[in-house]
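Listing of entry_7.cif, mmCIF, C-alpha atoms
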data_data
loop_
_atom_site.label_atom_id
_atom_site.label_comp_id
_atom_site.auth_asym_id
_atom_site.auth_seq_id
_atom_site.Cartn_x
_atom_site.Cartn_y
_atom_site.Cartn_z
CA MET K 23 0.00 0.00 0.00
CA ASP K 24 1.56 3.29 -1.08
CA PHE K 25 1.43 6.61 0.66
CA VAL K 26 -0.98 8.98 -1.07
CA ASP K 27 0.02 12.63 -1.24
CA TYR K 28 -3.32 14.43 -1.00
CA TYR K 29 -1.73 17.85 -1.29
CA LYS K 30 -0.11 16.87 -4.56
CA ILE K 31 -3.38 15.44 -5.86
CA LEU K 32 -5.16 18.76 -5.26
CA GLY K 33 -2.11 20.72 -6.43
CA ILE K 34 -1.85 22.76 -3.23
CA ASP K 35 0.77 23.62 -0.66
CA LYS K 36 0.83 22.06 2.81
CA SER K 37 0.03 25.43 4.27
CA ALA K 38 -3.14 25.82 2.19
CA THR K 39 -6.11 27.32 3.99
CA SER K 40 -9.48 25.59 4.03
CA LYS K 41 -10.68 28.15 1.49
CA GLU K 42 -7.79 27.28 -0.82
CA ILE K 43 -8.45 23.56 -0.41
CA LYS K 44 -12.10 24.06 -1.29
CA ALA K 45 -11.19 26.15 -4.32
CA ALA K 46 -8.60 23.60 -5.49
CA TYR K 47 -11.08 20.76 -5.06
CA ARG K 48 -13.76 22.59 -7.06
CA LYS K 49 -11.30 23.38 -9.80
CA MET K 50 -10.05 19.81 -10.04
CA ALA K 51 -13.56 18.35 -9.77
CA ARG K 52 -14.71 20.46 -12.71
CA LYS K 53 -11.77 19.18 -14.69
CA VAL K 54 -11.95 15.46 -14.00
CA HIS K 55 -15.59 14.83 -13.06
CA PRO K 56 -16.86 11.71 -14.87
CA ASP K 57 -20.00 13.53 -16.03
CA LEU K 58 -17.80 15.97 -17.89
CA ASN K 59 -15.52 13.27 -19.28
CA PRO K 60 -17.95 10.61 -20.50
CA ASN K 61 -15.44 8.79 -22.71
CA ASP K 62 -12.51 8.89 -20.33
CA LYS K 63 -12.08 5.54 -18.62
CA ASP K 64 -9.77 7.05 -16.00
CA ALA K 65 -12.16 9.85 -15.06
CA LYS K 66 -13.88 7.93 -12.31
CA ARG K 67 -10.60 6.90 -10.68
CA ASN K 68 -9.20 10.43 -10.94
CA PHE K 69 -12.36 11.90 -9.47
CA GLN K 70 -12.28 9.46 -6.58
CA GLN K 71 -8.70 10.47 -5.86
CA ILE K 72 -9.49 14.16 -5.59
CA ASN K 73 -12.63 13.37 -3.65
CA GLU K 74 -10.59 11.38 -1.17
CA ALA K 75 -8.01 14.16 -0.91
CA ASN K 76 -10.78 16.65 -0.25
CA GLU K 77 -12.41 14.38 2.32
CA VAL K 78 -9.18 14.32 4.32
CA LEU K 79 -7.90 17.85 3.87
CA SER K 80 -11.23 19.63 4.34
CA ASP K 81 -11.78 17.90 7.69
CA PRO K 82 -9.51 19.58 10.31
CA GLU K 83 -9.18 16.42 12.40
CA LYS K 84 -8.42 14.14 9.48
CA ARG K 85 -6.02 16.67 8.05
CA LYS K 86 -4.25 16.94 11.42
CA LYS K 87 -3.85 13.19 11.61
CA TYR K 88 -2.71 13.01 8.01
CA ASP K 89 -0.18 15.82 8.53
CA GLN K 90 1.02 14.34 11.79
CA TYR K 91 1.69 10.82 10.60
CA GLY K 92 2.12 11.34 6.88
CA LYS K 93 4.30 8.62 5.48
CA ASP K 94 4.29 6.83 8.85
CA TRP K 95 0.56 6.38 8.63
CA GLN K 96 0.92 2.65 9.35
CA HIS K 97 1.76 3.48 12.97
CA ALA K 98 -1.05 5.96 13.34
CA ASP K 99 -3.51 3.41 14.66
CA GLU K 100 -1.33 2.69 17.66
CA PHE K 101 -1.77 6.28 18.74
CA GLU K 102 -5.28 6.72 17.59
CA LYS K 103 -6.95 3.59 18.87
CA GLN K 104 -9.34 5.53 20.99
CA LYS K 105 -10.44 7.88 18.29
CA GLN K 106 -13.27 7.12 16.00
CA TYR K 107 -13.56 9.09 12.81
CA GLN K 108 -17.13 8.70 11.88
CA GLY K 109 -19.63 11.38 11.07
CA GLN K 110 -17.22 14.21 11.74
CA SER K 111 -17.00 15.71 8.30
CA ALA K 112 -16.54 19.44 8.37
CA GLY K 113 -19.64 20.10 6.41
CA SER K 114 -18.18 19.04 3.09
CA ARG K 115 -20.89 18.14 0.69
CA GLY K 116 -18.88 15.34 -0.85
CA SER K 117 -19.65 13.57 -4.06
CA ARG K 118 -22.96 12.35 -5.34
CA TYR K 119 -21.32 10.66 -8.25
CA SER K 120 -21.66 6.89 -8.62
CA GLY K 121 -24.57 6.92 -6.27
CA GLU K 122 -22.52 6.97 -3.16
CA PRO K 123 -21.97 9.63 -0.57
CA SER K 124 -18.41 10.81 -0.35
CA GLY K 125 -15.90 8.12 0.35
CA GLY K 126 -17.56 5.42 -1.72
CA ASP K 127 -14.45 3.79 -3.16
CA PHE K 128 -11.57 5.22 -1.24
CA SER K 129 -8.03 3.90 -1.43
CA ASP K 130 -6.60 1.24 0.84
CA PHE K 131 -4.43 4.00 2.26
CA PHE K 132 -7.49 5.98 3.30
CA GLU K 133 -9.30 2.94 4.70
CA SER K 134 -6.25 2.01 6.72
CA MET K 135 -5.65 5.48 8.10
CA PHE K 136 -9.19 6.61 8.73
CA GLY K 137 -10.91 3.30 9.20
CA GLY K 138 -13.55 3.08 6.52
CA SER K 139 -15.19 5.40 4.12
CA GLY K 140 -15.33 9.07 4.76
CA GLY K 141 -17.66 10.89 7.07
CA GLY K 142 -21.08 11.48 5.65
CA ARG K 143 -23.19 14.53 5.41
CA GLY K 144 -25.47 13.27 8.11
CA ARG K 145 -28.28 12.70 5.64
CA GLN K 146 -30.03 9.64 4.46
CA ALA K 147 -30.58 10.69 0.88
CA LYS K 148 -31.21 7.96 -1.68
CA TYR K 149 -28.56 7.50 -4.31
CA ARG K 150 -28.63 5.71 -7.58
CA GLY K 151 -25.99 3.00 -7.84
CA GLU K 152 -22.83 3.30 -9.85
CA ASP K 153 -22.96 2.66 -13.60
CA PHE K 154 -20.72 -0.16 -14.77
CA ASN K 155 -18.94 -0.28 -18.11
CA ALA K 156 -17.85 -3.47 -19.83
CA GLU K 157 -16.44 -4.41 -23.20
CA LEU K 158 -17.57 -7.50 -25.06
CA HIS K 159 -15.58 -8.97 -27.94
CA LEU K 160 -17.44 -10.76 -30.70
CA ASN K 161 -16.50 -12.05 -34.11
CA LEU K 162 -18.51 -11.23 -37.21
CA ILE K 163 -20.30 -14.59 -37.22
CA GLU K 164 -21.44 -14.08 -33.62
CA ALA K 165 -22.70 -10.59 -34.44
CA TYR K 166 -24.62 -12.03 -37.42
CA GLU K 167 -27.07 -13.97 -35.27
CA THR K 168 -29.15 -13.09 -32.24
CA HIS K 169 -27.68 -15.09 -29.40
CA GLN K 170 -27.32 -15.17 -25.65
CA GLN K 171 -24.15 -14.75 -23.67
CA THR K 172 -23.40 -14.93 -19.99
CA LEU K 173 -21.16 -12.20 -18.65
CA THR K 174 -19.54 -11.91 -15.28
CA VAL K 175 -19.65 -8.32 -14.09
CA ASN K 176 -18.24 -7.58 -10.64
CA GLY K 177 -18.65 -11.20 -9.63
CA LYS K 178 -22.25 -11.46 -10.78
CA LYS K 179 -23.35 -13.53 -13.73
CA ILE K 180 -25.64 -11.75 -16.16
CA ARG K 181 -27.28 -13.45 -19.12
CA ILE K 182 -27.93 -11.08 -21.98
CA THR K 183 -29.43 -11.40 -25.42
CA ILE K 184 -27.34 -9.81 -28.14
CA PRO K 185 -29.50 -8.85 -31.11
CA ALA K 186 -28.20 -9.71 -34.58
CA GLY K 187 -26.67 -6.77 -36.40
CA ILE K 188 -24.88 -5.20 -33.45
CA GLU K 189 -22.15 -2.81 -34.65
CA ASN K 190 -18.54 -2.44 -33.69
CA GLY K 191 -18.33 0.32 -31.06
CA GLN K 192 -22.05 0.19 -30.29
CA ILE K 193 -22.99 0.53 -26.63
CA ILE K 194 -26.06 -1.09 -25.14
CA LYS K 195 -27.51 -0.35 -21.73
CA ILE K 196 -28.66 -3.10 -19.37
CA PRO K 197 -30.78 -1.23 -16.84
CA GLY K 198 -30.40 -2.06 -13.18
CA HIS K 199 -27.29 -4.21 -13.56
CA GLY K 200 -24.84 -1.61 -12.30
CA GLY K 201 -23.86 -1.04 -8.69
CA PRO K 202 -26.48 -1.26 -5.93
CA GLY K 203 -28.27 1.90 -4.87
CA VAL K 204 -27.60 3.50 -1.51
CA ASN K 205 -30.29 4.02 1.13
CA GLY K 206 -32.91 2.39 -1.08
CA GLY K 207 -31.90 4.22 -4.25
CA PRO K 208 -32.17 2.40 -7.58
CA ASN K 209 -29.35 0.27 -8.97
CA GLY K 210 -27.05 1.76 -11.60
CA ASP K 211 -26.96 0.53 -15.17
CA LEU K 212 -24.53 -1.66 -17.06
CA TYR K 213 -23.15 -0.30 -20.33
CA ILE K 214 -21.65 -2.84 -22.70
CA GLU K 215 -19.49 -1.69 -25.59
CA PHE K 216 -19.13 -4.20 -28.42
CA SER K 217 -15.87 -4.79 -30.17
CA ILE K 218 -16.30 -6.85 -33.33
CA ALA K 219 -13.23 -8.41 -34.88
CA ASN K 220 -12.59 -8.25 -38.60
CA HIS K 221 -13.49 -11.32 -40.67
CA PRO K 222 -10.88 -12.69 -43.08
CA VAL K 223 -13.31 -12.81 -46.01
CA PHE K 224 -16.23 -10.51 -45.34
CA LYS K 225 -15.79 -6.82 -44.55
CA ARG K 226 -18.70 -4.99 -43.04
CA LEU K 227 -19.82 -1.44 -43.47
CA GLY K 228 -23.14 -0.70 -41.84
CA ASN K 229 -25.48 -3.45 -42.97
CA ASN K 230 -23.61 -4.25 -46.17
CA LEU K 231 -20.93 -6.87 -46.54
CA TYR K 232 -18.04 -6.72 -48.98
CA ALA K 233 -15.95 -9.59 -50.33
CA THR K 234 -13.62 -10.37 -53.19
CA VAL K 235 -14.13 -13.51 -55.29
CA ASP K 236 -11.61 -15.05 -57.64
CA LEU K 237 -12.77 -15.68 -61.17
CA ASP K 238 -10.83 -17.63 -63.78
CA ILE K 239 -10.12 -15.86 -67.04
CA TYR K 240 -12.17 -18.28 -69.13
CA LYS K 241 -15.34 -17.75 -67.11
CA ALA K 242 -14.68 -14.03 -67.08
CA VAL K 243 -14.48 -13.98 -70.88
CA LEU K 244 -17.16 -16.51 -71.75
CA GLY K 245 -19.49 -16.16 -68.75
CA GLY K 246 -20.90 -19.00 -66.67
CA GLU K 247 -21.95 -19.97 -63.18
CA LEU K 248 -20.03 -19.51 -59.98
CA THR K 249 -20.75 -20.74 -56.45
CA VAL K 250 -19.91 -18.16 -53.81
CA ASP K 251 -19.95 -18.18 -50.01
CA THR K 252 -22.21 -15.85 -48.06
CA LEU K 253 -22.78 -15.72 -44.31
CA ASP K 254 -26.11 -17.35 -45.10
CA GLY K 255 -24.60 -20.32 -47.00
CA GLN K 256 -23.52 -20.81 -50.59
CA VAL K 257 -25.31 -19.24 -53.54
CA LYS K 258 -25.00 -19.76 -57.29
CA LEU K 259 -24.15 -16.70 -59.26
CA LYS K 260 -24.39 -16.05 -62.98
CA VAL K 261 -21.26 -14.46 -64.41
CA LYS K 262 -21.81 -12.30 -67.47
CA PRO K 263 -19.56 -12.83 -70.48
CA GLU K 264 -16.72 -10.31 -70.72
CA THR K 265 -16.69 -9.57 -67.02
CA GLN K 266 -13.90 -7.12 -66.20
CA ASN K 267 -11.42 -7.38 -63.37
CA GLY K 268 -12.60 -5.30 -60.39
CA SER K 269 -16.22 -5.22 -61.52
CA LYS K 270 -18.80 -5.60 -58.79
CA VAL K 271 -22.02 -7.50 -58.34
CA LYS K 272 -24.60 -6.93 -55.64
CA LEU K 273 -26.44 -9.80 -53.93
CA LYS K 274 -29.49 -8.19 -52.42
CA GLY K 275 -30.42 -9.26 -48.92
CA LYS K 276 -27.28 -11.36 -48.49
CA GLY K 277 -25.53 -8.83 -46.27
CA PHE K 278 -25.74 -8.24 -42.53
CA PRO K 279 -28.98 -8.30 -40.54
CA VAL K 280 -30.35 -4.87 -39.69
CA TYR K 281 -30.16 -4.29 -35.92
CA LYS K 282 -33.47 -5.00 -34.22
CA LYS K 283 -35.33 -5.26 -37.54
CA GLU K 284 -36.12 -8.89 -37.96
CA GLY K 285 -36.05 -10.22 -41.51
CA GLN K 286 -34.24 -7.16 -42.90
CA PHE K 287 -30.76 -7.55 -44.30
CA GLY K 288 -28.21 -5.42 -46.08
CA ASP K 289 -26.55 -6.46 -49.34
CA LEU K 290 -23.44 -8.42 -50.19
CA LEU K 291 -21.18 -6.67 -52.68
CA LEU K 292 -18.73 -8.92 -54.48
CA THR K 293 -15.72 -7.69 -56.38
CA PHE K 294 -14.32 -9.99 -59.07
CA ASN K 295 -10.63 -10.69 -59.03
CA ILE K 296 -9.76 -12.28 -62.37
CA LYS K 297 -7.01 -14.84 -62.08
CA VAL K 298 -4.61 -15.09 -64.98
CA PRO K 299 -3.49 -18.70 -65.51
CA THR K 300 0.12 -19.63 -64.75
CA ASN K 301 2.40 -22.45 -65.89
CA LEU K 302 0.90 -22.46 -69.40
CA THR K 303 1.66 -25.37 -71.70
CA GLU K 304 3.17 -24.72 -75.12
CA LYS K 305 -0.21 -25.44 -76.70
CA GLN K 306 -1.94 -22.91 -74.43
CA LYS K 307 0.70 -20.29 -75.21
CA GLU K 308 0.11 -20.88 -78.92
CA LEU K 309 -3.62 -20.43 -78.46
CA PHE K 310 -3.14 -17.17 -76.55
CA THR K 311 -0.75 -15.93 -79.22
CA GLU K 312 -3.33 -16.76 -81.86
CA LEU K 313 -5.94 -14.93 -79.83
CA SER K 314 -3.76 -11.87 -79.54
CA LYS K 315 -3.46 -11.67 -83.31
CA SER K 316 -7.18 -11.94 -83.95
CA MET S 15 -47.94 9.58 -20.60
CA GLN S 16 -48.51 6.74 -18.18
CA ARG S 17 -48.67 7.74 -14.53
CA GLU S 18 -46.51 4.77 -13.44
CA TYR S 19 -43.49 6.27 -15.21
CA LEU S 20 -43.90 9.62 -13.51
CA ILE S 21 -42.21 10.64 -10.32
CA ALA S 22 -43.54 13.43 -8.15
CA VAL S 23 -41.08 16.33 -8.23
CA GLU S 24 -41.67 17.04 -4.55
CA GLU S 25 -40.78 13.45 -3.64
CA PHE S 26 -37.73 13.50 -5.89
CA CYS S 27 -36.46 16.71 -4.31
CA ALA S 28 -37.00 15.36 -0.81
CA CYS S 29 -35.07 12.19 -1.71
CA HIS S 30 -32.16 14.14 -3.12
CA ASP S 31 -32.29 16.89 -0.54
CA ILE S 32 -32.55 19.63 -3.14
CA GLU S 33 -34.71 22.71 -3.58
CA ILE S 34 -37.85 22.39 -5.71
CA SER S 35 -36.90 25.74 -7.23
CA PHE S 36 -33.87 24.08 -8.80
CA VAL S 37 -36.05 21.64 -10.75
CA ASN S 38 -38.29 24.55 -11.66
CA SER S 39 -35.32 26.48 -13.03
CA LEU S 40 -34.18 23.50 -15.08
CA GLN S 41 -37.66 23.18 -16.49
CA GLN S 42 -37.79 26.88 -17.36
CA THR S 43 -34.50 26.73 -19.22
CA GLY S 44 -35.74 23.72 -21.16
CA LEU S 45 -33.16 21.32 -19.77
CA ILE S 46 -35.87 18.98 -18.50
CA GLU S 47 -39.57 18.54 -19.16
CA THR S 48 -42.14 18.14 -16.45
CA THR S 49 -45.82 17.27 -16.48
CA THR S 50 -48.70 18.55 -14.39
CA ILE S 51 -51.57 16.13 -13.82
CA GLU S 52 -54.49 17.00 -11.59
CA GLY S 53 -52.46 19.58 -9.74
CA GLY S 54 -49.52 17.21 -9.18
CA TRP S 55 -46.12 18.05 -10.65
CA TYR S 56 -44.24 15.14 -12.13
CA ILE S 57 -41.11 14.24 -14.00
CA ASP S 58 -40.78 11.37 -16.42
CA ALA S 59 -38.58 8.52 -15.12
CA GLY S 60 -36.65 8.56 -18.39
CA GLN S 61 -35.24 11.96 -17.47
CA LEU S 62 -34.01 10.95 -14.04
CA GLN S 63 -30.48 10.19 -15.08
CA GLN S 64 -30.13 13.54 -16.80
CA LEU S 65 -31.69 15.36 -13.86
CA GLU S 66 -29.32 13.64 -11.43
CA LYS S 67 -26.43 14.74 -13.60
CA TYR S 68 -27.62 18.36 -13.42
CA ILE S 69 -27.84 18.03 -9.64
CA ARG S 70 -24.22 16.91 -9.53
CA PHE S 71 -23.16 19.80 -11.74
CA TYR S 72 -24.99 22.31 -9.58
CA TYR S 73 -24.35 21.06 -6.07
CA GLU S 74 -21.02 19.29 -6.44
CA LEU S 75 -19.25 21.41 -8.98
CA ASP S 76 -20.87 24.76 -8.20
CA ILE S 77 -21.86 25.23 -11.84
CA ASN S 78 -24.70 27.65 -12.35
CA LEU S 79 -27.65 27.11 -14.69
CA GLU S 80 -26.05 28.96 -17.60
CA GLY S 81 -22.98 26.76 -17.17
CA ILE S 82 -25.13 23.62 -17.09
CA GLU S 83 -26.84 24.69 -20.31
CA SER S 84 -23.50 25.24 -22.03
CA ILE S 85 -22.03 21.98 -20.75
CA THR S 86 -25.10 20.03 -21.81
CA HIS S 87 -24.87 21.50 -25.29
CA LEU S 88 -21.15 20.75 -25.53
CA LEU S 89 -21.57 17.21 -24.19
CA GLN S 90 -24.21 16.58 -26.85
CA ARG S 91 -21.72 17.70 -29.46
CA VAL S 92 -19.00 15.52 -27.93
CA ASN S 93 -21.35 12.52 -28.07
CA ALA S 94 -22.31 13.23 -31.66
CA MET S 95 -18.64 13.51 -32.59
CA GLN S 96 -17.86 10.31 -30.72
CA GLU S 97 -20.53 8.50 -32.72
CA GLU S 98 -19.10 9.94 -35.91
CA ILE S 99 -15.60 8.80 -34.95
CA THR S 100 -16.90 5.27 -34.30
CA ALA S 101 -18.64 5.24 -37.69
CA LEU S 102 -15.50 6.51 -39.41
CA LYS S 103 -13.34 3.95 -37.60
CA ASN S 104 -15.65 1.20 -38.81
CA ARG S 105 -15.40 2.56 -42.33
CA LEU S 106 -11.62 2.71 -42.06
CA ARG S 107 -11.49 -0.94 -41.00
CA LEU S 108 -12.86 -1.85 -44.41
CA TYR S 109 -9.83 -0.37 -46.13
CA GLU S 110 -7.25 -1.21 -43.47
CA SER S 111 -7.99 -4.93 -43.76
CA ASP S 112 -7.76 -4.65 -47.58
CA ILE S 113 -4.31 -3.11 -47.29
CA SER S 114 -3.09 -5.69 -44.76
CA ASN S 115 -4.25 -8.50 -47.06
CA LYS S 116 -2.12 -7.19 -49.91
#
Could I get this file's structure written as structure tokens?
Amino acid sequence: MDFVDYYKILGIDKSATSKEIKAAYRKMARKVHPDLNPNDKDAKRNFQQINEANEVLSDPEKRKKYDQYGKDWQHADEFEKQKQYQGQSAGSRGSRYSGEPSGGDFSDFFESMFGGSGGGRGRQAKYRGEDFNAELHLNLIEAYETHQQTLTVNGKKIRITIPAGIENGQIIKIPGHGGPGVNGGPNGDLYIEFSIANHPVFKRLGNNLYATVDLDIYKAVLGGELTVDTLDGQVKLKVKPETQNGSKVKLKGKGFPVYKKEGQFGDLLLTFNIKVPTNLTEKQKELFTELSKS
Amino acid sequence: MQREYLIAVEEFCACHDIEISFVNSLQQTGLIETTTIEGGWYIDAGQLQQLEKYIRFYYELDINLEGIESITHLLQRVNAMQEEITALKNRLRLYESDISNK
């Protein structure tokens, strides 16, 4: 357990007055508050740090103890056995964030020195529980079909249904599966961000899929039938005579399912990659030469 | 609007230990919508999360109503940009995987 320098966290001097501490806390809180930094994964941790620093430094008794023992905080309990630091906050309003009164998730250092979470405001207000964030990795095939998955979030197993067509980077909310509320407040929510890995054959853009199919030169010139893979199985495709390299064909409804719209699918766009034959026999070379003269 | 999804403003304020006038001010600036039914003043449950965020801005961060309005507007823009970035990243993946295959 490391020593935590609360003065450094708030960016103030050891001789700071209570007014200066309050001002520094407000300034830092406005900067790092999770509500103001919705996409910053470190925001909550940073906010808890400054909240903890404020909890200690804005309370004269806690500050005195902190200043007195500082880095020797591990011996503080021997001297302070008789003292109980509960409910003695110096009127600091503390944080409402994450549904907990101030001191919700304080560091081990704080817990060890001050024996539990910070002093409250002496109120029994209800607080909504903390929102949880999780990331779920899927492959393209998994995202293609509606399926169920069991997740373990903070030790609890949650079974969720993932609708077909979910997008990479999409976030879904599972209400009530966040942290528990305080004093009878509602539970927080669970936000799951999906990360969908690239597929070696099919590329996805929105609801459309893109793929490249190899086509031999003879079929490209003369036309014919070709069997191609889709995520829905194999389909037979008619190839027009004189098909050019890089030309595209659209298979309607063979793309990706549209999110939460059952029965609706995007398209599959295939690009032909014409393969020129190699290792030609003498006879074949003669025929190509003849062709080139015609 | 179904009554079961409405929460009495008075009850909400008592729970959160805040002034009713604060909710009134938010409503007047258009940051939240409230409903009056048979003399009772209610807020839709769907707005609770947003309202709680405004409470944190006001009481925790000492941000006044004008500040809350500005922040809300900017956060909406940040979210819209974030969505655009995600869409662009997905689009970029299409080409990145093409390049890596070559």
For this session: Could you list the residues chosen by the PyMOL selection byres ((chain K and resi 289-291) around 7) in this structure as a ChimeraX atom specification?
Result: /K:230-233,270-277,287-288,292-293
Problem set entry | Test item: residues at most 7 Å from S:Leu75, all atoms listed in the file, excluding those fewer than 4 positions along its chain, as a list in words | Arg48, Ala51 and Arg52 of chain K; Arg70 and Phe71 of chain S
Would you export the selected residues with C-alpha atoms as a PDB file, keeping the file's coordinate frame, please?
ATOM      1  CA  ARG K  48     -13.760  22.590  -7.060  1.00  0.00           C
ATOM      2  CA  ALA K  51     -13.560  18.350  -9.770  1.00  0.00           C
ATOM      3  CA  ARG K  52     -14.710  20.460 -12.710  1.00  0.00           C
TER       4      ARG K  52
ATOM      5  CA  ARG S  70     -24.220  16.910  -9.530  1.00  0.00           C
ATOM      6  CA  PHE S  71     -23.160  19.800 -11.740  1.00  0.00           C
TER       7      PHE S  71
END
For this session: Apply the PyMOL selection byres ((chain S) within 12 of (chain K)) to the file shown and report the selected residues as a PyMOL selection string.
Result: chain S and resi 25-32+59-60+62-77+81-82+84-90+92-93+95-112+114-115
For this session: Quick one: pull the distance between atom CA of K:Ile188 and atom CA of K:Thr174, Å, one decimal.
Result: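 If I compute the distance from atom CA of K:Ile188 to atom CA of K:Thr174, I get 20.1 Å.
Residue nearest K:Lys195 within the list K:Ala165, K:Leu237, K:Asp254, K:Phe154: K:Phe154 [criterion: smallest interatomic distance, all atoms listed in the file].
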